[in-house]
>>> print(open('target18.cif').read())   # mmCIF, C-alpha atoms and all ligand atoms
data_my_file
loop_
_atom_site.label_atom_id
_atom_site.label_comp_id
_atom_site.auth_asym_id
_atom_site.auth_seq_id
_atom_site.Cartn_x
_atom_site.Cartn_y
_atom_site.Cartn_z
CA LEU K 1101 5.95 6.07 -27.41
CA ASP K 1102 2.86 8.26 -27.63
CA THR K 1103 2.50 10.87 -30.41
CA ASP K 1104 3.89 13.49 -28.01
CA GLY K 1105 6.89 11.21 -27.33
CA ALA K 1106 5.66 10.13 -23.89
CA LEU K 1107 6.22 6.62 -22.53
CA VAL K 1108 2.72 5.21 -21.93
CA VAL K 1109 2.25 3.05 -18.82
CA GLY K 1110 -0.53 0.58 -18.02
CA LEU K 1111 -0.59 -0.10 -14.27
CA LEU K 1112 -2.13 -3.28 -12.85
CA GLY K 1113 -3.17 -2.84 -9.21
CA CYS K 1114 -3.53 0.21 -7.00
CA GLY K 1115 -2.74 -1.01 -3.48
CA VAL K 1116 0.16 0.22 -1.34
CA VAL K 1117 2.76 -0.13 -4.11
CA GLY K 1118 0.53 0.59 -7.13
CA SER K 1119 -0.77 3.82 -5.64
CA GLY K 1120 2.82 4.87 -4.91
CA VAL K 1121 3.70 4.30 -8.57
CA ALA K 1122 0.58 6.19 -9.72
CA ASP K 1123 1.52 9.06 -7.44
CA ARG K 1124 5.00 9.32 -8.94
CA LEU K 1125 3.71 9.07 -12.52
CA LEU K 1126 0.86 11.55 -12.06
CA HIS K 1127 3.29 14.06 -10.64
CA GLY K 1128 5.18 14.26 -13.90
CA PHE K 1129 8.11 11.96 -13.24
CA PRO K 1130 10.24 12.01 -16.42
CA VAL K 1131 12.42 8.99 -17.22
CA CYS K 1132 15.69 9.76 -19.09
CA SER K 1133 14.04 13.18 -19.74
CA THR K 1134 11.16 11.40 -21.52
CA PRO K 1135 7.70 12.28 -20.18
CA VAL K 1136 5.77 9.32 -18.78
CA ARG K 1137 2.00 9.10 -19.17
CA LEU K 1138 -0.17 6.89 -16.97
CA ALA K 1139 -2.90 5.56 -19.28
CA TYR K 1140 -4.78 2.99 -17.18
CA VAL K 1141 -4.86 1.68 -13.64
CA LEU K 1142 -6.53 -1.73 -13.36
CA VAL K 1143 -8.52 -2.19 -10.11
CA ARG K 1144 -11.25 -4.51 -8.89
CA ASP K 1145 -13.38 -1.83 -7.25
CA LEU K 1146 -13.95 1.55 -8.91
CA SER K 1147 -15.78 3.04 -5.95
CA ARG K 1148 -13.02 2.70 -3.33
CA PRO K 1149 -11.39 5.98 -2.29
CA ARG K 1150 -7.84 6.24 -3.69
CA SER K 1151 -4.80 8.33 -3.07
CA PRO K 1152 -3.85 10.35 -5.06
CA THR K 1153 -7.43 11.28 -5.96
CA SER K 1154 -6.28 12.21 -9.49
CA VAL K 1155 -5.85 8.47 -10.15
CA HIS K 1156 -9.65 8.04 -10.36
CA SER K 1157 -9.91 9.21 -13.98
CA HIS K 1158 -7.41 6.46 -14.99
CA LEU K 1159 -9.15 3.55 -13.27
CA THR K 1160 -10.61 0.63 -15.17
CA THR K 1161 -11.82 -2.85 -14.24
CA LEU K 1162 -11.28 -4.15 -17.79
CA VAL K 1163 -7.97 -5.95 -18.04
CA ASP K 1164 -8.23 -6.34 -21.84
CA GLN K 1165 -8.45 -2.59 -22.20
CA VAL K 1166 -5.04 -2.28 -20.53
CA LEU K 1167 -3.34 -5.30 -22.09
CA ASN K 1168 -4.62 -4.86 -25.64
CA ASP K 1169 -4.21 -1.12 -26.14
CA PRO K 1170 -1.38 -0.81 -28.69
CA LYS K 1171 -0.49 2.60 -27.24
CA VAL K 1172 0.66 1.06 -23.95
CA ASP K 1173 4.48 0.82 -24.01
CA VAL K 1174 5.02 -0.91 -20.68
CA ILE K 1175 2.96 -2.78 -18.10
CA VAL K 1176 3.69 -2.31 -14.39
CA GLU K 1177 2.26 -5.17 -12.31
CA CYS K 1178 1.51 -4.38 -8.66
CA ILE K 1179 -1.38 -6.81 -8.07
CA GLY K 1180 0.60 -9.29 -5.97
CA GLY K 1181 -0.09 -13.03 -5.58
CA LEU K 1182 0.12 -15.68 -8.27
CA GLU K 1183 -3.16 -15.42 -10.17
CA PRO K 1184 -4.41 -13.49 -12.02
CA ALA K 1185 -1.07 -11.63 -12.07
CA ALA K 1186 0.71 -14.54 -13.83
CA ARG K 1187 -1.88 -14.64 -16.63
CA TYR K 1188 -1.76 -10.89 -17.20
CA VAL K 1189 2.03 -10.68 -17.16
CA GLU K 1190 2.41 -13.56 -19.59
CA ALA K 1191 -0.23 -12.07 -21.93
CA ALA K 1192 1.62 -8.73 -22.01
CA LEU K 1193 4.98 -10.40 -22.67
CA ARG K 1194 3.45 -12.46 -25.50
CA ARG K 1195 2.38 -9.19 -27.11
CA GLY K 1196 6.03 -8.09 -26.88
CA VAL K 1197 5.25 -5.48 -24.22
CA PRO K 1198 7.89 -5.04 -21.47
CA VAL K 1199 6.66 -5.82 -17.96
CA ILE K 1200 7.86 -4.49 -14.62
CA SER K 1201 6.67 -6.49 -11.62
CA ALA K 1202 6.93 -5.90 -7.87
CA ASN K 1203 5.54 -9.38 -7.19
CA LYS K 1204 7.96 -11.79 -5.48
CA ALA K 1205 5.36 -14.54 -5.17
CA LEU K 1206 4.92 -14.45 -8.95
CA ILE K 1207 8.61 -14.18 -9.82
CA ALA K 1208 9.66 -16.89 -7.35
CA GLU K 1209 7.03 -19.27 -8.72
CA ARG K 1210 7.08 -18.41 -12.43
CA GLY K 1211 10.21 -16.32 -12.94
CA GLU K 1212 12.01 -18.94 -15.01
CA ARG K 1213 9.07 -19.45 -17.35
CA LEU K 1214 8.29 -15.73 -17.67
CA GLU K 1215 11.95 -14.92 -18.41
CA ALA K 1216 11.81 -17.51 -21.21
CA VAL K 1217 8.58 -16.01 -22.60
CA ALA K 1218 10.15 -12.53 -22.50
CA ARG K 1219 13.19 -13.81 -24.44
CA GLN K 1220 10.98 -15.64 -26.95
CA TYR K 1221 8.95 -12.49 -27.65
CA ARG K 1222 12.06 -10.27 -27.61
CA THR K 1223 10.90 -8.15 -24.73
CA THR K 1224 11.86 -7.48 -21.11
CA LEU K 1225 10.75 -8.59 -17.65
CA LYS K 1226 12.12 -6.48 -14.78
CA TYR K 1227 11.48 -7.06 -11.06
CA GLU K 1228 13.91 -5.04 -8.95
CA ALA K 1229 10.99 -4.02 -6.69
CA ALA K 1230 10.27 -7.66 -5.79
CA VAL K 1231 13.29 -7.88 -3.45
CA GLY K 1232 14.70 -5.29 -1.07
CA GLY K 1233 12.34 -2.38 -1.79
CA ALA K 1234 14.46 0.64 -2.67
CA ILE K 1235 17.75 -1.27 -2.40
CA PRO K 1236 19.09 -2.09 -5.90
CA VAL K 1237 20.24 -5.55 -4.81
CA LEU K 1238 19.17 -7.48 -7.92
CA ARG K 1239 21.00 -5.01 -10.13
CA MET K 1240 24.09 -5.45 -7.98
CA LEU K 1241 23.82 -9.25 -8.06
CA ARG K 1242 23.53 -9.30 -11.86
CA HIS K 1243 26.58 -7.09 -12.08
CA LEU K 1244 28.63 -9.21 -9.67
CA ALA K 1245 27.49 -12.53 -11.15
CA SER K 1246 28.60 -11.42 -14.60
CA ALA K 1247 32.08 -10.40 -13.50
CA ASP K 1248 32.88 -12.58 -10.50
CA GLU K 1249 31.85 -15.81 -8.80
CA ILE K 1250 29.24 -15.40 -6.09
CA LEU K 1251 29.91 -17.70 -3.16
CA ALA K 1252 26.99 -16.74 -0.91
CA VAL K 1253 24.12 -14.32 -0.68
CA GLY K 1254 21.82 -13.51 2.19
CA GLY K 1255 20.39 -10.96 4.50
CA VAL K 1256 17.57 -9.55 6.53
CA ILE K 1257 15.11 -9.43 3.64
CA ASN K 1258 11.64 -9.24 5.16
CA SER K 1259 10.60 -5.85 6.51
CA THR K 1260 7.50 -6.97 8.39
CA THR K 1261 9.35 -9.45 10.60
CA ASN K 1262 12.18 -6.99 11.11
CA HIS K 1263 9.68 -4.33 12.13
CA VAL K 1264 7.97 -6.80 14.47
CA LEU K 1265 11.26 -7.92 16.07
CA SER K 1266 12.40 -4.29 16.45
CA GLN K 1267 9.09 -3.37 18.12
CA MET K 1268 9.32 -6.40 20.42
CA GLU K 1269 12.79 -5.18 21.47
CA ASP K 1270 11.02 -1.94 22.42
CA GLY K 1271 8.52 -3.83 24.59
CA LEU K 1272 5.52 -4.51 22.30
CA SER K 1273 3.89 -7.94 22.17
CA MET K 1274 4.04 -9.85 18.88
CA ASN K 1275 0.34 -9.16 18.13
CA GLU K 1276 0.69 -5.43 18.75
CA ALA K 1277 3.84 -5.34 16.62
CA VAL K 1278 2.15 -7.21 13.73
CA ARG K 1279 -0.76 -4.75 13.77
CA ALA K 1280 1.74 -1.87 13.67
CA ALA K 1281 3.48 -3.43 10.62
CA GLN K 1282 0.12 -3.87 8.86
CA SER K 1283 -0.91 -0.28 9.52
CA VAL K 1284 2.22 1.10 7.83
CA GLY K 1285 1.72 -1.13 4.77
CA TYR K 1286 4.74 -3.45 5.10
CA ALA K 1287 2.85 -6.68 5.68
CA GLU K 1288 1.48 -8.85 2.87
CA ALA K 1289 -2.32 -9.14 2.48
CA ASP K 1290 -1.99 -12.23 4.65
CA PRO K 1291 0.77 -11.42 7.20
CA ILE K 1292 1.29 -15.15 7.80
CA SER K 1293 3.33 -15.08 4.60
CA ASP K 1294 5.75 -12.70 6.31
CA LEU K 1295 5.64 -14.26 9.80
CA ASP K 1296 6.21 -17.82 8.55
CA GLY K 1297 9.14 -16.86 6.33
CA ILE K 1298 7.31 -17.51 3.03
CA ASP K 1299 7.95 -13.99 1.73
CA ALA K 1300 11.63 -14.31 2.69
CA ALA K 1301 11.91 -17.74 1.00
CA GLN K 1302 10.35 -16.37 -2.20
CA LYS K 1303 12.81 -13.48 -2.19
CA LEU K 1304 15.68 -15.89 -1.50
CA THR K 1305 14.64 -17.93 -4.56
CA ILE K 1306 15.02 -14.79 -6.66
CA LEU K 1307 18.40 -13.93 -5.10
CA VAL K 1308 19.61 -17.48 -5.74
CA ALA K 1309 18.45 -17.36 -9.37
CA LEU K 1310 20.47 -14.22 -10.02
CA ALA K 1311 23.47 -15.29 -7.94
CA PHE K 1312 23.78 -18.92 -9.05
CA GLY K 1313 21.61 -19.18 -12.18
CA THR K 1314 19.29 -21.79 -10.62
CA TRP K 1315 15.58 -21.34 -9.94
CA LEU K 1316 15.18 -23.17 -6.64
CA PRO K 1317 11.52 -23.92 -5.74
CA TRP K 1318 10.89 -21.51 -2.86
CA ASN K 1319 8.99 -24.16 -0.89
CA SER K 1320 12.03 -26.46 -0.98
CA ILE K 1321 13.98 -23.95 1.14
CA ALA K 1322 14.36 -24.99 4.80
CA ARG K 1323 12.25 -22.37 6.49
CA CYS K 1324 11.22 -21.26 9.95
CA GLY K 1325 9.38 -18.02 10.68
CA ILE K 1326 9.27 -15.85 13.78
CA ARG K 1327 5.98 -16.91 15.33
CA GLN K 1328 7.79 -18.93 18.01
CA VAL K 1329 10.09 -16.04 18.97
CA SER K 1330 9.12 -14.72 22.41
CA VAL K 1331 9.91 -11.53 24.28
CA ASP K 1332 12.07 -13.77 26.54
CA ASP K 1333 14.12 -14.96 23.53
CA ILE K 1334 14.73 -11.36 22.59
CA ALA K 1335 15.80 -10.47 26.14
CA ALA K 1336 18.09 -13.54 26.27
CA ALA K 1337 19.68 -12.54 22.94
CA ARG K 1338 20.32 -9.07 24.31
CA ARG K 1339 22.09 -10.53 27.38
CA LEU K 1340 24.36 -12.48 25.00
CA GLY K 1341 25.25 -9.33 23.06
CA THR K 1342 23.17 -10.43 20.06
CA ARG K 1343 19.90 -9.52 18.35
CA VAL K 1344 17.24 -11.89 16.95
CA LYS K 1345 16.82 -11.38 13.20
CA LEU K 1346 15.05 -13.37 10.50
CA VAL K 1347 18.01 -14.25 8.27
CA ALA K 1348 17.75 -15.73 4.77
CA SER K 1349 20.92 -17.14 3.30
CA ALA K 1350 22.18 -19.31 0.48
CA ARG K 1351 25.58 -20.63 -0.49
CA ARG K 1352 27.04 -23.08 -2.93
CA GLU K 1353 28.14 -26.28 -1.21
CA ALA K 1354 29.75 -29.14 -3.11
CA GLY K 1355 27.83 -28.44 -6.29
CA ASN K 1356 24.53 -27.91 -4.46
CA ILE K 1357 22.87 -24.82 -3.10
CA ALA K 1358 22.19 -24.75 0.64
CA ALA K 1359 19.45 -22.22 1.39
CA THR K 1360 17.68 -21.46 4.68
CA VAL K 1361 15.38 -18.92 6.29
CA GLY K 1362 15.13 -18.70 10.06
CA PRO K 1363 15.43 -16.63 13.22
CA THR K 1364 19.09 -16.19 14.10
CA ASN K 1365 21.00 -14.66 17.01
CA VAL K 1366 23.17 -12.13 15.23
CA PRO K 1367 26.19 -10.51 17.00
CA LEU K 1368 25.69 -6.76 17.36
CA ASN K 1369 28.74 -5.97 15.23
CA HIS K 1370 27.45 -8.01 12.25
CA PRO K 1371 25.81 -6.03 9.39
CA PHE K 1372 22.60 -8.09 9.82
CA ALA K 1373 22.14 -6.71 13.35
CA ALA K 1374 21.90 -3.12 12.12
CA PRO K 1375 18.60 -2.90 10.17
CA ARG K 1376 15.73 -1.51 12.22
CA ASP K 1377 12.03 -1.53 11.38
CA ALA K 1378 11.47 -1.82 7.62
CA GLU K 1379 15.15 -1.74 6.74
CA ASN K 1380 16.80 -4.68 4.97
CA ALA K 1381 20.48 -5.59 4.71
CA PHE K 1382 22.14 -7.88 2.15
CA LEU K 1383 25.57 -9.45 2.15
CA ILE K 1384 27.03 -10.86 -1.06
CA ALA K 1385 30.26 -12.86 -0.77
CA THR K 1386 32.28 -13.12 -3.96
CA ARG K 1387 35.49 -14.93 -4.87
CA HIS K 1388 37.42 -11.92 -6.11
CA ALA K 1389 35.68 -8.77 -4.87
CA GLY K 1390 35.30 -9.97 -1.28
CA SER K 1391 32.14 -9.24 0.68
CA ILE K 1392 29.73 -6.48 -0.25
CA VAL K 1393 27.03 -5.17 2.07
CA ILE K 1394 24.08 -3.11 0.92
CA ALA K 1395 21.27 -1.85 3.14
CA GLY K 1396 18.30 0.51 3.12
CA SER K 1397 14.54 0.73 3.06
CA GLY K 1398 13.07 -2.68 2.21
CA ALA K 1399 9.32 -2.09 1.96
CA GLY K 1400 6.57 0.47 1.79
CA ARG K 1401 4.96 2.66 -0.81
CA GLU K 1402 7.78 5.12 -1.58
CA ALA K 1403 10.68 2.65 -1.35
CA THR K 1404 9.06 0.10 -3.64
CA ALA K 1405 7.82 2.71 -6.13
CA ALA K 1406 11.40 4.01 -6.30
CA ALA K 1407 12.61 0.59 -7.49
CA ILE K 1408 9.88 0.51 -10.15
CA MET K 1409 10.97 3.95 -11.39
CA GLY K 1410 14.49 2.55 -11.80
CA ASP K 1411 13.13 -0.35 -13.87
CA LEU K 1412 11.10 2.08 -16.01
CA HIS K 1413 14.32 3.92 -16.67
CA ASP K 1414 15.98 0.67 -17.81
CA VAL K 1415 13.05 -0.28 -20.05
CA LEU K 1416 13.12 3.09 -21.72
CA ARG K 1417 16.89 3.03 -22.12
CA SER K 1418 16.83 -0.44 -23.71
CA ALA K 1419 13.97 0.64 -26.02
CA THR K 1420 15.97 3.70 -27.00
CA LEU K 1421 19.06 1.56 -27.62
CA THR K 1422 17.09 -0.95 -29.69
CA SER K 1423 15.49 1.74 -31.82
CA SER K 1424 18.81 3.54 -32.34
CA LYS K 1425 20.41 0.21 -33.32
CA GLU K 1426 17.53 -0.43 -35.72
CA THR K 1427 18.06 3.05 -37.19
CA ILE K 1428 21.79 2.40 -37.58
CA HIS K 1429 21.17 -0.96 -39.29
CA ALA K 1430 18.26 0.27 -41.45
N1 LIG Q 1501 5.80 -7.98 3.05
C1 LIG Q 1501 7.06 -7.60 2.50
C2 LIG Q 1501 8.04 -7.38 3.64
C3 LIG Q 1501 6.89 -6.36 1.66
O1 LIG Q 1501 7.57 -7.20 4.76
O2 LIG Q 1501 9.24 -7.38 3.41
C4 LIG Q 1501 8.11 -5.97 0.89
O3 LIG Q 1501 8.51 -6.95 -0.01
#
>>> encode(input="target18.cif", output="structure tokens")
Amino acid sequence: LDTDGALVVGLLGCGVVGSGVADRLLHGFPVCSTPVRLAYVLVRDLSRPRSPTSVHSHLTTLVDQVLNDPKVDVIVECIGGLEPAARYVEAALRRGVPVISANKALIAERGERLEAVARQYRTTLKYEAAVGGAIPVLRMLRHLASADEILAVGGVINSTTNHVLSQMEDGLSMNEAVRAAQSVGYAEADPISDLDGIDAAQKLTILVALAFGTWLPWNSIARCGIRQVSVDDIAAARRLGTRVKLVASARREAGNIAATVGPTNVPLNHPFAAPRDAENAFLIATRHAGSIVIAGSGAGREATAAAIMGDLHDVLRSATLTSSKETIHA
């Protein structure tokens, strides 16, 4: 903590999610009543206009300045994509600095390794924002997996495709609907990742890791996106009393994990038919607690920043617990 007791944050990236985090931090968001101070925001281009404008005095293009400043208590990674995010996150963990990441591509690809590095350097890696936006689904999975046996996990877990399918139900063409999803900041830099089910497969890898303790390579998941779904398919689904949704699901089957992502005709009374636009819905089936459904806002600046704030809270709480334990044992 800083000399005034503030938690000092180094933020990597200032796109849709990063700027949402900066906004929350610059508006005096306290965590567990501890003030939080935004020290640096790493960007590639200093001259680009940013919102909030007050973020400008925190911008830097020098990653070493952010990663090597001993005053920084926690790194929040909102760059997205595999590299250079993977390098930066691993460097921070190796310095013993806790990292919060919103990056499902990174966690799906390197989560197992980065978790091991975090353990080795006795620090923390948190990534609630990588799956389900504001919905605390990873937290819930950890909780259920520790106390029960998870039999299956799945859901409508990609906001862009859900937004597109919802807009197509309202009469838009796929191209118009994709442009609409991009303009509201749900789509990945390359929307193909959403439309082809890559984003959903990466998120499913993370869900599977927490549910079943196995890091499945995301590109081994049987996957089909929504590019082949036509307005006629959507009309036909409606006539059958169903709705087309991109569903990701995984279950244990005879010692293996069966995982798929694909467009599915969902009956209207099923929880997966309910999410509209950027909403996501998750269903977790457990041996003892039965089925649990959780739904809410799955993407966008505010929703994703909210998940990062929750992780900041956890990082601070675990730091407080560690230091109070150290005081007790001193
Ligand atoms: N592109 C992602 C989606 C963003 O549409 O769900 C949130 O993870």
>>> closest_atom_pairs(input="target18.cif", of="region 1199-1258 of chain K", to="region 1339-1363 of chain K", cutoff="9 Å", atoms="all atoms listed in the file", output="JSON lines")
{"residue": "K:Ile1250", "atom": "CA", "partner": "K:Arg1351", "partner_atom": "CA", "distance": 8.5}
{"residue": "K:Leu1251", "atom": "CA", "partner": "K:Arg1351", "partner_atom": "CA", "distance": 5.9}
{"residue": "K:Ala1252", "atom": "CA", "partner": "K:Arg1351", "partner_atom": "CA", "distance": 4.2}
{"residue": "K:Val1253", "atom": "CA", "partner": "K:Ala1350", "partner_atom": "CA", "distance": 5.5}
{"residue": "K:Gly1254", "atom": "CA", "partner": "K:Ser1349", "partner_atom": "CA", "distance": 3.9}
{"residue": "K:Gly1255", "atom": "CA", "partner": "K:Ala1348", "partner_atom": "CA", "distance": 5.5}
{"residue": "K:Val1256", "atom": "CA", "partner": "K:Val1347", "partner_atom": "CA", "distance": 5.0}
{"residue": "K:Ile1257", "atom": "CA", "partner": "K:Ala1348", "partner_atom": "CA", "distance": 6.9}
{"residue": "K:Asn1258", "atom": "CA", "partner": "K:Leu1346", "partner_atom": "CA", "distance": 7.6}
>>> closest_residue(input="target18.cif", among="K:His1413, K:His1370, K:Arg1387, K:Lys1303", to="ligand LIG 1501 (chain Q)", atoms="only C-alpha atoms and all ligand atoms")
K:Lys1303
>>> residues_near_ligand(input="target18.cif", ligand="ligand LIG 1501 (chain Q)", cutoff="7 Å", atoms="all atoms listed in the file", output="short mmCIF file (atom, residue, chain, number, x, y, z; two decimals) with C-alpha atoms, in the frame of the given file")
data_model
loop_
_atom_site.label_atom_id
_atom_site.label_comp_id
_atom_site.auth_asym_id
_atom_site.auth_seq_id
_atom_site.Cartn_x
_atom_site.Cartn_y
_atom_site.Cartn_z
CA ALA K 1230 10.27 -7.66 -5.79
CA VAL K 1231 13.29 -7.88 -3.45
CA GLY K 1232 14.70 -5.29 -1.07
CA GLY K 1233 12.34 -2.38 -1.79
CA ILE K 1257 15.11 -9.43 3.64
CA ASN K 1258 11.64 -9.24 5.16
CA SER K 1259 10.60 -5.85 6.51
CA THR K 1260 7.50 -6.97 8.39
CA THR K 1261 9.35 -9.45 10.60
CA TYR K 1286 4.74 -3.45 5.10
CA ALA K 1287 2.85 -6.68 5.68
CA GLU K 1288 1.48 -8.85 2.87
CA ASP K 1294 5.75 -12.70 6.31
CA ASP K 1299 7.95 -13.99 1.73
CA GLY K 1398 13.07 -2.68 2.21
CA ALA K 1399 9.32 -2.09 1.96
CA GLY K 1400 6.57 0.47 1.79
#
>>> atom_distance(input="target18.cif", atom1="CA of Ala1289 (chain K)", atom2="CA of Glu1379 (chain K)")
19.4 Å
>>> residues_near_point(input="target18.cif", point="(4.1, -19.8, 8.0)", cutoff="10 Å", atoms="all atoms listed in the file", output="list of chain:residue names")
K:Pro1291, K:Ile1292, K:Ser1293, K:Asp1294, K:Leu1295, K:Asp1296, K:Gly1297, K:Ile1298, K:Asp1299, K:Arg1323, K:Cys1324, K:Gly1325, K:Ile1326, K:Arg1327
>>> closest_residue(input="target18.cif", among="K:Val1109, K:Val1415, K:Leu1265, K:Leu1316", to="Ile1175 (chain K)", atoms="all atoms listed in the file")
K:Val1109
>>> atom_distance(input="target18.cif", atom1="CA of Thr1153 (chain K)", atom2="CA of Leu1112 (chain K)")
17.0 Å
>>> residues_around(input="target18.cif", residues="Leu1146 (chain K)", least_positions_apart="5", cutoff="8 Å", atoms="all atoms listed in the file", output="PyMOL selection string")
chain K and resi 1156+1159-1161
>>> closest_residue(input="target18.cif", among="K:Cys1114, K:Thr1314, K:Ala1280, K:Ala1122", to="Gly1211 (chain K)", atoms="all atoms listed in the file")
K:Thr1314
>>> atom_distance(input="target18.cif", atom1="CA of Arg1144 (chain K)", atom2="CA of Gly1113 (chain K)")
8.3 Å
>>> closest_residue(input="target18.cif", among="K:Gly1110, K:Gly1120, K:Pro1198, K:Pro1375", to="Ala1406 (chain K)", atoms="all atoms listed in the file")
K:Gly1120
>>> residues_around(input="target18.cif", residues="Ile1392 (chain K)", least_positions_apart="2", cutoff="10 Å", atoms="all atoms listed in the file", output="list of chain:residue names")
K:Met1240, K:Leu1244, K:Val1253, K:Phe1382, K:Leu1383, K:Ile1384, K:Ala1385, K:Thr1386, K:Ala1389, K:Gly1390, K:Ile1394
>>> write_last_selection(input="target18.cif", atoms="C-alpha atoms", output="CSV table (one decimal), in the frame of the given file")
chain,number,residue,atom,x,y,z
K,1240,MET,CA,24.1,-5.4,-8.0
K,1244,LEU,CA,28.6,-9.2,-9.7
K,1253,VAL,CA,24.1,-14.3,-0.7
K,1382,PHE,CA,22.1,-7.9,2.2
K,1383,LEU,CA,25.6,-9.4,2.2
K,1384,ILE,CA,27.0,-10.9,-1.1
K,1385,ALA,CA,30.3,-12.9,-0.8
K,1386,THR,CA,32.3,-13.1,-4.0
K,1389,ALA,CA,35.7,-8.8,-4.9
K,1390,GLY,CA,35.3,-10.0,-1.3
K,1394,ILE,CA,24.1,-3.1,0.9
>>> closest_residue(input="target18.cif", among="K:His1263, K:Ile1334, K:Thr1224, K:Lys1204", to="Thr1305 (chain K)", atoms="all atoms listed in the file")
K:Lys1204
>>> closest_residue(input="target18.cif", among="K:Val1199, K:Asp1104, K:Ala1378, K:Gly1128", to="Arg1401 (chain K)", atoms="only C-alpha atoms")
K:Ala1378
